[in-house]
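Below is one structure, written out as structure tokens; comments come after it.
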Amino acid sequence: MEVRHTTNPNDVKQYTTERLRSEFLIDSLFAAGEINMVYSHYDRVVTGGAIPINGSLTLEDKETLKTEYFLERREVGIINIGAEGKVVVDGQEYSLNKRDCLYVGLGNQEVTFESSNSSDPAKFYFVSSLAHKQYPTKKIPIEEAEPNRLGSDSESNKRTIYKYIHQDGIQSCQLMMGMTLLEPNNMWNTMPAHLHDRRMEVYLYFDLDQEDSRVFHFMGEPNETRHLVVKNEQAVLSPPWSIHSGVGTNNYTFIWAMAGENYTFTDMDSVKMEELK
Ligand SMILES: O=C(O)C(=O)C[C@H](O)C(=O)CO
Ligand SMILES: [Zn+2]
């Protein structure tokens, strides 16, 4: 898998667009019949995508992790963003429809992905972080996730945050994961912006409804922002020192995942509008 190192915010001020994209944008996670992963040194989070077509794909990379199996020292959250498929965890099958989430804990030795129909395949997005204890493998459909409604039409940021893996939901060591759905004609996410220097975060943007749709994702320290132009099914690594917010040219949905120091979703430092530059 590709390995990305961490960056210092003072250095990032000098980056060209190309360098910024190569450090923070994950532009090709999803390819038919492949599993692709990026290992970030931010909290050692692995971000991945799998589209099984002919048979199953296995979650593994001994070469990079130097462990016997992927979850020997890790946990993983998996969300299906495609058609129906299944994840098999040490022989136990979990069927996932679009937007369903599965948490798989430390110590499970074999995790494989399969599509129910190869002509309309599943697309599994996953984020994995380090784990010290085994929590039970658990599936949660979006209907059972805790919704948190935010924003307003006048601010164009009316949206629902669904929390899957968190303190009051599926239990994990440090991984938090959920999905935010924007109401039609609402384009802004995570504005007003926030920081959490205790945790890194990854955003996956998907369901951008036109070929030409883009999300302008804002990152950087609040007084030194930059943007990344993001296409459908691309992800962004957000360092702990960076805001993470976006505005779309069309409707979209995104999956957020965090790992780091604490396990408190509400541990956020809000950024005042006058601080943003
Ligand atoms: O729409 C939002 O606002 C979010 O979804 C925010 C993320 O959940 C987040 O950044 C959590 O720290
Ligand atoms: Zn955040």
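Residue names in the structure tokens use chain letters A, B, ... in the order shown, residue numbers from 1 in each chain, and ligand numbers from 1 in the order shown.
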Quiz prompt | Spatial neighbours of range 202-204 of chain A, max dist 6 Å, only C-alpha atoms, sep filter under 6 positions, as a ChimeraX atom specification | solution = /A:234-238,254-257
Dump as an mmCIF file, in the first residue's frame, selection limited to C-alpha atoms:
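again_8.cif, freshly written:
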```
data_model
loop_
_atom_site.group_PDB
_atom_site.id
_atom_site.type_symbol
_atom_site.label_atom_id
_atom_site.label_comp_id
_atom_site.auth_asym_id
_atom_site.auth_seq_id
_atom_site.Cartn_x
_atom_site.Cartn_y
_atom_site.Cartn_z
ATOM 1 C CA GLN A 234 -11.957 10.648 -3.482
ATOM 2 C CA ALA A 235 -10.782 11.041 0.115
ATOM 3 C CA VAL A 236 -8.916 13.743 1.992
ATOM 4 C CA LEU A 237 -6.522 13.249 4.920
ATOM 5 C CA SER A 238 -7.046 15.963 7.500
ATOM 6 C CA PHE A 254 -19.406 12.100 2.916
ATOM 7 C CA ILE A 255 -18.013 9.599 5.386
ATOM 8 C CA TRP A 256 -15.861 10.928 8.209
ATOM 9 C CA ALA A 257 -13.537 8.835 10.325
#
```
Quiz item: Can you tell me, as a ChimeraX atom specification, what residues are no more than 12 Å from Asp267 in chain A when counting only C-alpha atoms, ignoring any on the same chain fewer than 3 positions away?
Solution: /A:194-199,258,260-264,270
Ligand 1: which residues are within 10 Å, counting only C-alpha atoms and all ligand atoms, as an mmCIF file with C-alpha atoms, in the first residue's frame?
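So pocket27.cif came out as:
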```cif
data_model
loop_
_atom_site.group_PDB
_atom_site.id
_atom_site.type_symbol
_atom_site.label_atom_id
_atom_site.label_comp_id
_atom_site.auth_asym_id
_atom_site.auth_seq_id
_atom_site.Cartn_x
_atom_site.Cartn_y
_atom_site.Cartn_z
ATOM 1 C CA ASN A 148 -27.848 14.545 14.560
ATOM 2 C CA ARG A 149 -29.538 17.267 12.500
ATOM 3 C CA LEU A 150 -27.554 20.455 11.931
ATOM 4 C CA GLY A 151 -27.545 23.620 9.847
ATOM 5 C CA ASN A 157 -25.605 23.614 5.327
ATOM 6 C CA LYS A 158 -28.672 21.633 6.389
ATOM 7 C CA ARG A 159 -27.432 18.127 6.987
ATOM 8 C CA THR A 160 -27.737 15.012 9.129
ATOM 9 C CA ILE A 161 -24.715 13.469 10.799
ATOM 10 C CA TYR A 162 -25.163 9.724 11.387
ATOM 11 C CA LYS A 163 -22.765 8.338 13.963
ATOM 12 C CA MET A 176 -14.869 6.912 15.262
ATOM 13 C CA MET A 177 -16.819 6.737 12.025
ATOM 14 C CA GLY A 178 -20.035 8.024 10.528
ATOM 15 C CA MET A 179 -21.715 9.569 7.534
ATOM 16 C CA THR A 180 -23.111 13.024 6.818
ATOM 17 C CA LEU A 181 -25.962 13.492 4.346
ATOM 18 C CA LEU A 182 -26.712 16.938 2.995
ATOM 19 C CA TRP A 188 -21.697 23.293 2.751
ATOM 20 C CA ASN A 189 -20.337 20.790 5.247
ATOM 21 C CA THR A 190 -18.604 21.513 8.533
ATOM 22 C CA MET A 191 -19.011 25.279 8.289
ATOM 23 C CA PRO A 192 -18.602 26.953 10.786
ATOM 24 C CA ALA A 193 -15.329 25.038 10.830
ATOM 25 C CA HIS A 194 -13.580 23.312 13.713
ATOM 26 C CA LEU A 195 -10.303 21.736 14.727
ATOM 27 C CA HIS A 196 -9.418 18.843 17.008
ATOM 28 C CA ARG A 199 -7.467 13.546 16.456
ATOM 29 C CA MET A 200 -6.823 13.271 12.733
ATOM 30 C CA GLU A 201 -9.758 12.828 10.379
ATOM 31 C CA VAL A 202 -10.407 11.402 6.912
ATOM 32 C CA TYR A 203 -13.285 12.516 4.660
ATOM 33 C CA SER A 238 -7.046 15.963 7.500
ATOM 34 C CA ILE A 243 -9.825 22.554 9.411
ATOM 35 C CA HIS A 244 -11.872 20.190 7.216
ATOM 36 C CA SER A 245 -14.864 21.687 5.472
ATOM 37 C CA GLY A 246 -16.229 21.663 1.959
ATOM 38 C CA THR A 253 -22.552 12.715 0.906
ATOM 39 C CA PHE A 254 -19.406 12.100 2.916
ATOM 40 C CA ILE A 255 -18.013 9.599 5.386
ATOM 41 C CA TRP A 256 -15.861 10.928 8.209
ATOM 42 C CA ALA A 257 -13.537 8.835 10.325
ATOM 43 C CA MET A 258 -11.272 9.875 13.169
ATOM 44 C CA THR A 264 -15.147 12.222 22.433
ATOM 45 C CA PHE A 265 -16.954 13.308 19.269
ATOM 46 C CA THR A 266 -17.791 16.693 20.779
ATOM 47 C CA ASP A 267 -14.154 17.458 21.570
ATOM 48 C CA MET A 268 -13.849 20.153 18.896
ATOM 49 C CA ASP A 269 -12.462 23.671 19.003
#
```
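Using only C-alpha atoms, the shortest contact distance between Glu93 in chain A and any of A:Leu65, A:Gln210, A:Glu114, A:Met187 is found at A:Glu114.
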Exercise. Excluding Ile79 in chain A and residues on its chain fewer than 6 positions from it, collect all residues at most 12 Å away from it, counting only C-alpha atoms, and give them as an MDAnalysis selection string.
Key: chainID A and resid 47:50 85:87 94:104 113 122:128 139:142 164:165 177:179 204 206 254:257
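Picture a line from CA of Met219 in chain A to CA of Glu274 in chain A; it runs 16.1 Å.
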